[in-house]
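Visitor: Before I ask anything, let me first share the structure, which is written out below as structure tokens.
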Amino acid sequence: MELRKQHDNHNLAPDIPDDWFVPKAKDQDEAEAVVRPSLSYWQDAWRRLLKNKLAMAGLFFLIALAFMAIFGPVISPHSVSEQSLANQNLPPSSKYWFGTDELGRDVFARTWYGARISLFVGIVAAMIDFAIGVIYGGIAGYKGGRTDNSMMRIVEILYGLPYLLVVILISVVMGPGLFTIIFALSVTGWVGMARIVRGQVLQIKNYEFVLASKTFGTKTSRIIKKNLLPNTMGPIIVQMTLTVPSAIFAEAFLSFLGLGIQPPFASWGSMANDGLSTILSGHWWRLFFPAFFISLTMFSFNVLGDGLQDALDPKLRR
Amino acid sequence: MTGYIIKRLFAMIVTLWFIITLTFFLMHSIPGSPFNEERNTSEAVQRNLEKFYHLDEPLYVQYGMYLKSVVTFDFGPSIKKSSQTVNEMLGRGFPVSFELGIVTLIVAVFSGIALGIIAALRHNGIIDYLAMTIAVLGISVPNFVLATLLIQQLAVNLTILPVATWSSPKHMILPTLALATGPMAIIARLTRSSMLEVLTQDYIKTAKAKGLSPVKIVFKHALRNALLPVVTVLGSLAASILTGTFVIEKIFAIPGMGKYFVESINTRDYPVIMGTTVFYSTILIMMLFLVDIAYGVLDPRIKLHKKEGS
């Protein structure tokens with residue numbers, strides 16, 4: 001109240017003539033200058049992801065794991081399949097960093113070799129899901145109507161299938177192996193992606209910019225590619241970061257049941273399976289290292305996925 | 001609502017038929033018959049065996065008989081353990097697996113919801129971070145790893161709990177813990193995020209303004225709405241618990257259905273594989289169906305929407 005009174009008095013002060021008040025010359029450039037650098041959607045998302053410490057830790061671990069998967073087997077003084085019956089079941093030491101298994105093979109080399117297989121399965125399965133899911137969901141969502149209805153009926157049936165059971169059945173029929181695992185994971189895996197893409201496309205296709213494209217006579221394939229997909233990329237990426245760990249888990253699960261990677265090749269799941277039987281005799285390192293890195297990978301992908309979900313959500317944009 | 005149930009029932013039957021047929025043709029696409037492996041039988045014996053299991057009939061006749069056996073729920077004898085029928089195995093294994101699954105589900109749901117509520121109420125506090133760390137770890141650590149860790153620490157090192165088998169409530173603690181942690185973590189995260197969303201709603205402010213006690217606000221107003229998303233994941237959680245039982249039963253030597261299933265895979269015992277697969281899928285698809293119906297009953301908005309749609 002006090003302040004306002006003073007202000008009023010000031011305005012009413014008779015000793016300041018009106019012509020003292022001259023409008024400041026407007027500088028056109030200055031008025032239009034952008035103070036804050038304009039950020040694209042992706043730059044903004046990246047900026048927000050950088051602030052998420054947990055997600056960055058996940059990203060860091062993943063880069064480190066990928067690095068070790070590539071160079072780990074090379075760094076190790078022992079090869080993956082080198083057997084040495086004199087050095088059975090040795091605990092970790094300066095010679096064998098992660099110890100040895102019952103055939104005297106180096107667990108360090110095998111762990112990073114297993115990382116290659118596990119990461120390969122996860123990433124390839126996610127890519128296949130992406131390719132099929134995006135095309136299928138994109139078409140269903142864009143066409144709409146009866147096409148959408150019948151396409152989604154199929155998805156609904158596949159979605160109801162217990163996915164690990166189907167994966168197990170396919171592995172039984174095709175015989176265990178890397179290709180089988182990836183195939184089995186892809187058969188049911190793309191369904192989730194298709195549902196997400198379809199839902200997004202269904203929503204975005206009614207926006208004005210799509211309508212504008214249509215009025216210009218743009219071809220359907222180009223509209224899907226240039227207008228719809230870039231705008232659904234956020235949820236798609238999040239879904240992919242969550243597909244990779246579930247594929248890695250499924251591989252470990254299958255290998256653990258004896259349906260996965262067969263010896264002499266190793267994956268984290270098959271190493272854990274081998275290590276399980278020796279845990280009671282005190283050879284903890286044989287289970288610990290593969291199990292630890294499975295968990296670390298799953299953890300990293302999960303927190304990165306969560307971070308991306310927050311970073312890419314336009315509703316949270318500030 | 002009735003129309004919706006009928007529609008879902010129909011979809012359920014189609015899905016079931018699909019997986020039953022898929023199982024049949026997958027099993028029959030394997031080259032050779034189960035008998036011309038290990039055992040060196042004469043041709044006459046082999047023909048008799050094939051006749052006994054109807055493997056000499058044309059495929060469509062076998063498919064018809066298979067469908068009939070599914071509908072009447074009689075899967076015939078096991079090929080590898082000839083003294084037992086698949087039904088006997090299911091009858092023996094199912095109660096054990098069911099017990100493990102139900103106890104796990106109850107533990108996971110209740111502890112997960114409790115953890116989620118506490119985390120949401122102490123948002124960004126130490127308890128919240130602690131609960132969410134447990135949750136992320138629970139999702140990241142595969143159940144077979146957790147199971148072996150638990151055995152190593154609690155059963156071998158400290159010897160406070162039995163290592164394996166399924167004979168007393170004490171034996172149930174470790175397998176249930178190992179199996180429940182993952183689903184619990186998922187439920188905790190879901191409850192927390194939906195609880196946080198609900199707590200900012202206007203009707204919670206109204207409830208606070210009315211001077212209701214915090215307990216009443218949380219349990220009567222917030223929780224009821226926050227639990228809806230949790231109900232939707234129950235179906236897929238049941239699926240993950242069910243497949244989890246394969247591994248857990250293997251590790252803890254529990255004589256449940258999962259053990260027979262894994263065994264039948266390793267010995268390629270087709271009738272057992274088919275029987276257990278059909279049985280598992282039936283349970284799972286029924287669960288999904290029930291969850292859908294429950295969701296429709298719990299959320300009146302769904303009902304309205306479906307009526308308009310159909």
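Each chain of the structure tokens is named A, B, ... in the order shown, its residues numbered from 1; ligands are numbered from 1 in display order.
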Kindly provide, as an NGL selection string, the residues of chain B having any atom no farther than 8 Å from an atom of chain A, counting only C-alpha atoms.
Guide: :B and (11 or 14-15 or 18-19 or 23 or 26-27 or 29-30 or 136-137 or 139-142 or 145 or 148 or 152 or 156 or 239 or 243 or 247 or 262 or 265-266 or 268 or 277 or 281 or 284-285 or 288)
Visitor: With only C-alpha atoms as the counted atoms, please give the residues lying no more than 7 Å from segment 194-201 of chain A, apart from itself and same-chain residues fewer than 3 positions off, as a compact mmCIF listing (two decimals) with N, CA and C atoms, in the first residue's frame.
Guide:
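Just written: selection-v5.txt:
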# COMPACT_ATOMS: atom_id res chain seq x y z
N GLY A 133 8.05 -53.81 -36.30
CA GLY A 133 7.06 -53.07 -35.52
C GLY A 133 6.71 -51.73 -36.13
N VAL A 134 7.72 -51.02 -36.61
CA VAL A 134 7.47 -49.69 -37.16
C VAL A 134 6.69 -49.79 -38.47
N TYR A 136 4.74 -52.32 -39.54
CA TYR A 136 3.41 -52.87 -39.28
C TYR A 136 2.52 -51.84 -38.57
N GLY A 137 3.06 -51.28 -37.49
CA GLY A 137 2.29 -50.30 -36.72
C GLY A 137 2.03 -49.04 -37.52
N GLY A 138 3.03 -48.64 -38.33
CA GLY A 138 2.87 -47.44 -39.14
C GLY A 138 1.75 -47.60 -40.15
N ALA A 140 -0.76 -49.83 -40.07
CA ALA A 140 -2.06 -50.01 -39.39
C ALA A 140 -2.58 -48.66 -38.92
N GLY A 141 -1.71 -47.88 -38.30
CA GLY A 141 -2.15 -46.60 -37.75
C GLY A 141 -2.52 -45.62 -38.83
N TYR A 142 -1.75 -45.61 -39.94
CA TYR A 142 -2.00 -44.61 -40.98
C TYR A 142 -3.24 -44.95 -41.79
N TRP A 190 8.08 -58.07 -31.81
CA TRP A 190 7.73 -56.84 -32.53
C TRP A 190 6.35 -56.33 -32.17
N VAL A 191 5.54 -57.18 -31.51
CA VAL A 191 4.15 -56.83 -31.26
C VAL A 191 4.03 -55.57 -30.40
N ILE A 204 -1.03 -38.71 -34.40
CA ILE A 204 -0.33 -37.64 -35.12
C ILE A 204 -0.89 -37.41 -36.51
N LYS A 205 -1.47 -38.44 -37.11
CA LYS A 205 -1.88 -38.28 -38.51
C LYS A 205 -3.00 -37.26 -38.67
N LEU A 228 5.42 -38.67 -40.01
CA LEU A 228 4.91 -39.43 -38.87
C LEU A 228 6.03 -40.04 -38.03
N THR A 232 7.31 -39.92 -33.84
CA THR A 232 7.04 -41.02 -32.91
C THR A 232 8.35 -41.58 -32.36
Visitor: Using only C-alpha atoms, which residues sit within 12 Å of Gly91 of chain B once same-chain residues fewer than 4 positions away are excluded, as a compact mmCIF listing (two decimals) with C-alpha atoms, in the first residue's frame?
Guide:
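Okay, this is what ended up in part_35.txt:
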# COMPACT_ATOMS: atom_id res chain seq x y z
CA PHE B 73 -8.12 -82.51 -21.44
CA ASP B 74 -6.58 -85.95 -21.83
CA GLN B 84 2.95 -92.23 -16.50
CA THR B 85 0.31 -90.21 -18.30
CA VAL B 86 0.66 -86.51 -18.90
CA ASN B 87 -2.44 -85.91 -16.80
CA PRO B 95 -0.62 -78.10 -6.92
CA VAL B 96 3.01 -77.46 -6.00
CA SER B 97 3.56 -74.91 -8.76
CA PHE B 98 0.22 -73.30 -7.99
CA PRO B 255 8.72 -81.11 -7.79
CA GLY B 256 6.37 -78.78 -9.65
CA MET B 257 5.04 -78.53 -13.18
CA TYR B 260 8.39 -81.61 -15.72
CA GLY B 275 0.26 -80.96 -22.49
CA THR B 276 2.17 -78.54 -20.29
CA PHE B 279 -2.06 -76.07 -19.74
Visitor: Quick one: residues within 6 Å of segment 264-268 of chain A, only C-alpha atoms counted, chain neighbours fewer than 2 positions away excluded, as a list in words?
Guide: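 Contacts, in chain order: Gly114, Ile117, Gln262, Ser270, Met271 and Pro290 of chain A.
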Visitor: Using only C-alpha atoms, which protein or nucleic acid residues come within 7 Å of Ser186 of chain A? Drop anything in the same chain fewer than 3 positions from it, and give the result as a count of residues only.
Guide: 7
